[in-house]
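What follows is a set of notes on a single structure, which appears directly below.
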Amino acid sequence: MTELQHHQNTDHSASSKPTVWILSTGEFGEGGTIRGVYLDRDLARGALVAKAQELNDRFTISDARQEDDGSIHVEGGCDWITLEPHPVVTTLELDA
């Protein structure tokens, strides 16, 4: 089990609000692309590991870290991968 896979086995939720987990990849200074939206962090595991392996095939992974909210950030060369929680809006939000 890789360190990245080990971190994913820990239960994390961003808040009590409904949350989706967004997997993105990109290049520093060039922007990024959403690769998947998941209802649960664990559902993104396979896709995240596959993207990290692809990145490692091109560059050496220089940083892989997990934040307190459970988000994961991987960097290698000038490329990055993130898996981050985002709250889902379920009711109309009115400006105060």
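Each chain in the structure tokens gets a letter, A, B, ..., in the order shown, and its residues are numbered from 1; ligands are numbered from 1 in order too.
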
Close residues, segment 76-83 of chain A itself excluded, 10 Å, only C-alpha atoms, min 4 positions apart in chain, as a JSON list (two decimals) with N, CA and C atoms, in the first residue's frame:
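What landed in result28.json:
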[["chain", "number", "residue", "atom", "x", "y", "z"],
["A", 21, "TRP", "N", -16.59, 15.47, -3.87],
["A", 21, "TRP", "CA", -15.13, 15.49, -3.95],
["A", 21, "TRP", "C", -14.75, 15.64, -5.40],
["A", 22, "ILE", "N", -13.97, 16.67, -5.70],
["A", 22, "ILE", "CA", -13.60, 16.97, -7.08],
["A", 22, "ILE", "C", -12.13, 16.64, -7.31],
["A", 23, "LEU", "N", -11.90, 15.78, -8.30],
["A", 23, "LEU", "CA", -10.55, 15.39, -8.71],
["A", 23, "LEU", "C", -10.15, 16.25, -9.90],
["A", 24, "SER", "N", -9.05, 16.97, -9.77],
["A", 24, "SER", "CA", -8.56, 17.86, -10.82],
["A", 24, "SER", "C", -7.09, 17.60, -11.09],
["A", 25, "THR", "N", -6.69, 17.86, -12.32],
["A", 25, "THR", "CA", -5.27, 17.81, -12.69],
["A", 25, "THR", "C", -4.95, 19.06, -13.47],
["A", 26, "GLY", "N", -3.67, 19.41, -13.48],
["A", 26, "GLY", "CA", -3.28, 20.58, -14.24],
["A", 26, "GLY", "C", -1.79, 20.80, -14.22],
["A", 27, "GLU", "N", -1.43, 21.96, -14.71],
["A", 27, "GLU", "CA", -0.04, 22.36, -14.80],
["A", 27, "GLU", "C", 0.07, 23.74, -14.16],
["A", 28, "PHE", "N", 1.07, 23.92, -13.31],
["A", 28, "PHE", "CA", 1.26, 25.21, -12.65],
["A", 28, "PHE", "C", 1.33, 26.33, -13.68],
["A", 29, "GLY", "N", 0.58, 27.38, -13.44],
["A", 29, "GLY", "CA", 0.58, 28.53, -14.34],
["A", 29, "GLY", "C", -0.26, 28.34, -15.59],
["A", 30, "GLU", "N", -0.85, 27.16, -15.78],
["A", 30, "GLU", "CA", -1.62, 26.89, -16.99],
["A", 30, "GLU", "C", -3.08, 26.55, -16.70],
["A", 31, "GLY", "N", -3.45, 26.41, -15.44],
["A", 31, "GLY", "CA", -4.82, 26.04, -15.11],
["A", 31, "GLY", "C", -4.97, 24.54, -14.96],
["A", 32, "GLY", "N", -6.23, 24.11, -14.88],
["A", 32, "GLY", "CA", -6.47, 22.69, -14.66],
["A", 32, "GLY", "C", -7.78, 22.24, -15.27],
["A", 33, "THR", "N", -8.03, 20.94, -15.12],
["A", 33, "THR", "CA", -9.22, 20.31, -15.67],
["A", 33, "THR", "C", -9.83, 19.41, -14.60],
["A", 34, "ILE", "N", -11.15, 19.47, -14.46],
["A", 34, "ILE", "CA", -11.84, 18.55, -13.56],
["A", 34, "ILE", "C", -11.88, 17.19, -14.23],
["A", 35, "ARG", "N", -11.41, 16.17, -13.52],
["A", 35, "ARG", "CA", -11.35, 14.81, -14.04],
["A", 35, "ARG", "C", -12.48, 13.94, -13.51],
["A", 36, "GLY", "N", -13.11, 14.36, -12.42],
["A", 36, "GLY", "CA", -14.21, 13.59, -11.86],
["A", 36, "GLY", "C", -14.82, 14.28, -10.65],
["A", 37, "VAL", "N", -16.11, 14.01, -10.44],
["A", 37, "VAL", "CA", -16.83, 14.51, -9.28],
["A", 37, "VAL", "C", -17.44, 13.30, -8.59],
["A", 38, "TYR", "N", -17.17, 13.16, -7.31],
["A", 38, "TYR", "CA", -17.53, 11.96, -6.57],
["A", 38, "TYR", "C", -18.36, 12.32, -5.33],
["A", 41, "ARG", "N", -15.34, 10.48, -0.86],
["A", 41, "ARG", "CA", -13.89, 10.55, -1.07],
["A", 41, "ARG", "C", -13.32, 9.20, -1.51],
["A", 44, "ALA", "N", -13.28, 8.13, -5.22],
["A", 44, "ALA", "CA", -12.25, 8.73, -6.09],
["A", 44, "ALA", "C", -10.91, 8.02, -5.99],
["A", 45, "ARG", "N", -10.80, 7.06, -5.09],
["A", 45, "ARG", "CA", -9.50, 6.42, -4.81],
["A", 45, "ARG", "C", -8.82, 5.88, -6.06],
["A", 48, "LEU", "N", -7.73, 8.68, -8.47],
["A", 48, "LEU", "CA", -6.62, 9.46, -7.90],
["A", 48, "LEU", "C", -5.30, 8.70, -8.01],
["A", 51, "LYS", "N", -4.11, 8.59, -11.66],
["A", 51, "LYS", "CA", -3.53, 9.87, -12.09],
["A", 51, "LYS", "C", -2.16, 10.08, -11.46],
["A", 52, "ALA", "N", -2.00, 9.69, -10.19],
["A", 52, "ALA", "CA", -0.70, 9.83, -9.52],
["A", 52, "ALA", "C", 0.35, 8.93, -10.17],
["A", 55, "LEU", "N", 1.37, 10.56, -13.40],
["A", 55, "LEU", "CA", 2.26, 11.68, -13.10],
["A", 55, "LEU", "C", 3.65, 11.17, -12.77],
["A", 56, "ASN", "N", 3.73, 10.12, -11.96],
["A", 56, "ASN", "CA", 5.02, 9.57, -11.56],
["A", 56, "ASN", "C", 5.77, 8.96, -12.74],
["A", 57, "ASP", "N", 5.04, 8.49, -13.75],
["A", 57, "ASP", "CA", 5.69, 7.97, -14.96],
["A", 57, "ASP", "C", 6.37, 9.09, -15.75],
["A", 58, "ARG", "N", 5.84, 10.30, -15.67],
["A", 58, "ARG", "CA", 6.42, 11.44, -16.41],
["A", 58, "ARG", "C", 7.45, 12.20, -15.58],
["A", 59, "PHE", "N", 7.16, 12.40, -14.33],
["A", 59, "PHE", "CA", 8.02, 13.16, -13.41],
["A", 59, "PHE", "C", 8.11, 12.39, -12.10],
["A", 60, "THR", "N", 9.09, 12.72, -11.31],
["A", 60, "THR", "CA", 9.15, 12.20, -9.95],
["A", 60, "THR", "C", 8.19, 13.01, -9.09],
["A", 61, "ILE", "N", 7.37, 12.33, -8.30],
["A", 61, "ILE", "CA", 6.46, 13.06, -7.40],
["A", 61, "ILE", "C", 7.31, 13.74, -6.34],
["A", 62, "SER", "N", 7.18, 15.05, -6.25],
["A", 62, "SER", "CA", 7.99, 15.83, -5.32],
["A", 62, "SER", "C", 7.24, 16.17, -4.04],
["A", 63, "ASP", "N", 5.90, 16.09, -4.06],
["A", 63, "ASP", "CA", 5.12, 16.42, -2.88],
["A", 63, "ASP", "C", 3.79, 15.69, -2.96],
["A", 64, "ALA", "N", 3.41, 15.03, -1.89],
["A", 64, "ALA", "CA", 2.10, 14.39, -1.75],
["A", 64, "ALA", "C", 1.68, 14.61, -0.31],
["A", 65, "ARG", "N", 0.59, 15.36, -0.14],
["A", 65, "ARG", "CA", 0.18, 15.68, 1.22],
["A", 65, "ARG", "C", -1.35, 15.66, 1.35],
["A", 66, "GLN", "N", -1.76, 15.44, 2.58],
["A", 66, "GLN", "CA", -3.18, 15.46, 2.91],
["A", 66, "GLN", "C", -3.42, 16.60, 3.90],
["A", 70, "GLY", "N", -9.10, 16.63, 4.64],
["A", 70, "GLY", "CA", -9.08, 15.39, 3.88],
["A", 70, "GLY", "C", -8.65, 15.54, 2.45],
["A", 71, "SER", "N", -8.50, 16.78, 1.97],
["A", 71, "SER", "CA", -8.08, 16.98, 0.59],
["A", 71, "SER", "C", -6.65, 16.47, 0.40],
["A", 72, "ILE", "N", -6.38, 16.05, -0.83],
["A", 72, "ILE", "CA", -5.07, 15.49, -1.17],
["A", 72, "ILE", "C", -4.48, 16.31, -2.31]]

Problem - Atom pair atom CA of Pro87 of chain A / atom CA of Glu67 of chain A: separation (Å) - result: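 For atom CA of Pro87 of chain A relative to atom CA of Glu67 of chain A, the distance reads 16.4 Å.
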
Practice task
Figure out the distance between atom CA of Asp69 of chain A and atom CA of Leu39 of chain A, please, to one decimal in Å.
Solution key: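 If I compute the distance from atom CA of Leu39 of chain A to atom CA of Asp69 of chain A, I get 15.4 Å.
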
Practice task
Just list the residues in segment 9-76 of chain A DSSP gives helix (DSSP H, G or I) on the backbone, as number ranges by chain.
Solution key: A: 41-58

Handout entry: Coordinates-based distance that separates atom CA of Val20 of chain A from atom CA of Glu84 of chain A (Å, one decimal)
Key = 8.3 Å

Exercise for the section: List every residue of chain A that DSSP, applied to the backbone of this structure, assigns to strand (DSSP E or B), and report them as a PyMOL selection string. Expected result: chain A and resi 19-27+31-38+61-66+72-76+79-87

With N, CA and C atoms retained, could you export that selection as a compact mmCIF listing (two decimals), in the first residue's frame?
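Ended up saving to result-v6.txt:
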# COMPACT_ATOMS: atom_id res chain seq x y z
N THR A 19 -21.52 17.09 0.51
CA THR A 19 -20.22 17.43 -0.08
C THR A 19 -19.93 16.53 -1.26
N VAL A 20 -19.34 17.10 -2.30
CA VAL A 20 -18.78 16.30 -3.38
C VAL A 20 -17.28 16.47 -3.34
N TRP A 21 -16.59 15.47 -3.87
CA TRP A 21 -15.13 15.49 -3.95
C TRP A 21 -14.75 15.64 -5.40
N ILE A 22 -13.97 16.67 -5.70
CA ILE A 22 -13.60 16.97 -7.08
C ILE A 22 -12.13 16.64 -7.31
N LEU A 23 -11.90 15.78 -8.30
CA LEU A 23 -10.55 15.39 -8.71
C LEU A 23 -10.15 16.25 -9.90
N SER A 24 -9.05 16.97 -9.77
CA SER A 24 -8.56 17.86 -10.82
C SER A 24 -7.09 17.60 -11.09
N THR A 25 -6.69 17.86 -12.32
CA THR A 25 -5.27 17.81 -12.69
C THR A 25 -4.95 19.06 -13.47
N GLY A 26 -3.67 19.41 -13.48
CA GLY A 26 -3.28 20.58 -14.24
C GLY A 26 -1.79 20.80 -14.22
N GLU A 27 -1.43 21.96 -14.71
CA GLU A 27 -0.04 22.36 -14.80
C GLU A 27 0.07 23.74 -14.16
N GLY A 31 -3.45 26.41 -15.44
CA GLY A 31 -4.82 26.04 -15.11
C GLY A 31 -4.97 24.54 -14.96
N GLY A 32 -6.23 24.11 -14.88
CA GLY A 32 -6.47 22.69 -14.66
C GLY A 32 -7.78 22.24 -15.27
N THR A 33 -8.03 20.94 -15.12
CA THR A 33 -9.22 20.31 -15.67
C THR A 33 -9.83 19.41 -14.60
N ILE A 34 -11.15 19.47 -14.46
CA ILE A 34 -11.84 18.55 -13.56
C ILE A 34 -11.88 17.19 -14.23
N ARG A 35 -11.41 16.17 -13.52
CA ARG A 35 -11.35 14.81 -14.04
C ARG A 35 -12.48 13.94 -13.51
N GLY A 36 -13.11 14.36 -12.42
CA GLY A 36 -14.21 13.59 -11.86
C GLY A 36 -14.82 14.28 -10.65
N VAL A 37 -16.11 14.01 -10.44
CA VAL A 37 -16.83 14.51 -9.28
C VAL A 37 -17.44 13.30 -8.59
N TYR A 38 -17.17 13.16 -7.31
CA TYR A 38 -17.53 11.96 -6.57
C TYR A 38 -18.36 12.32 -5.33
N ILE A 61 7.37 12.33 -8.30
CA ILE A 61 6.46 13.06 -7.40
C ILE A 61 7.31 13.74 -6.34
N SER A 62 7.18 15.05 -6.25
CA SER A 62 7.99 15.83 -5.32
C SER A 62 7.24 16.17 -4.04
N ASP A 63 5.90 16.09 -4.06
CA ASP A 63 5.12 16.42 -2.88
C ASP A 63 3.79 15.69 -2.96
N ALA A 64 3.41 15.03 -1.89
CA ALA A 64 2.10 14.39 -1.75
C ALA A 64 1.68 14.61 -0.31
N ARG A 65 0.59 15.36 -0.14
CA ARG A 65 0.18 15.68 1.22
C ARG A 65 -1.35 15.66 1.35
N GLN A 66 -1.76 15.44 2.58
CA GLN A 66 -3.18 15.46 2.91
C GLN A 66 -3.42 16.60 3.90
N ILE A 72 -6.38 16.05 -0.83
CA ILE A 72 -5.07 15.49 -1.17
C ILE A 72 -4.48 16.31 -2.31
N HIS A 73 -3.20 16.63 -2.20
CA HIS A 73 -2.48 17.39 -3.22
C HIS A 73 -1.21 16.63 -3.58
N VAL A 74 -1.02 16.42 -4.88
CA VAL A 74 0.16 15.72 -5.38
C VAL A 74 0.82 16.61 -6.41
N GLU A 75 2.13 16.72 -6.34
CA GLU A 75 2.88 17.55 -7.29
C GLU A 75 4.07 16.79 -7.83
N GLY A 76 4.38 17.03 -9.09
CA GLY A 76 5.55 16.45 -9.72
C GLY A 76 5.89 17.25 -10.96
N ASP A 79 3.40 19.65 -12.90
CA ASP A 79 2.02 19.16 -12.88
C ASP A 79 1.53 18.97 -11.45
N TRP A 80 0.20 19.00 -11.30
CA TRP A 80 -0.41 18.80 -9.99
C TRP A 80 -1.70 18.00 -10.14
N ILE A 81 -2.09 17.38 -9.03
CA ILE A 81 -3.34 16.65 -8.91
C ILE A 81 -3.94 17.04 -7.57
N THR A 82 -5.25 17.29 -7.54
CA THR A 82 -5.91 17.55 -6.27
C THR A 82 -7.20 16.76 -6.18
N LEU A 83 -7.54 16.38 -4.98
CA LEU A 83 -8.85 15.84 -4.65
C LEU A 83 -9.34 16.67 -3.48
N GLU A 84 -10.39 17.47 -3.72
CA GLU A 84 -10.82 18.43 -2.71
C GLU A 84 -12.33 18.35 -2.47
N PRO A 85 -12.74 18.58 -1.21
CA PRO A 85 -14.17 18.60 -0.90
C PRO A 85 -14.78 19.95 -1.27
N HIS A 86 -16.01 19.90 -1.77
CA HIS A 86 -16.76 21.12 -2.09
C HIS A 86 -18.19 20.94 -1.62
N PRO A 87 -18.71 21.90 -0.80
CA PRO A 87 -20.08 21.78 -0.34
C PRO A 87 -21.06 21.93 -1.51
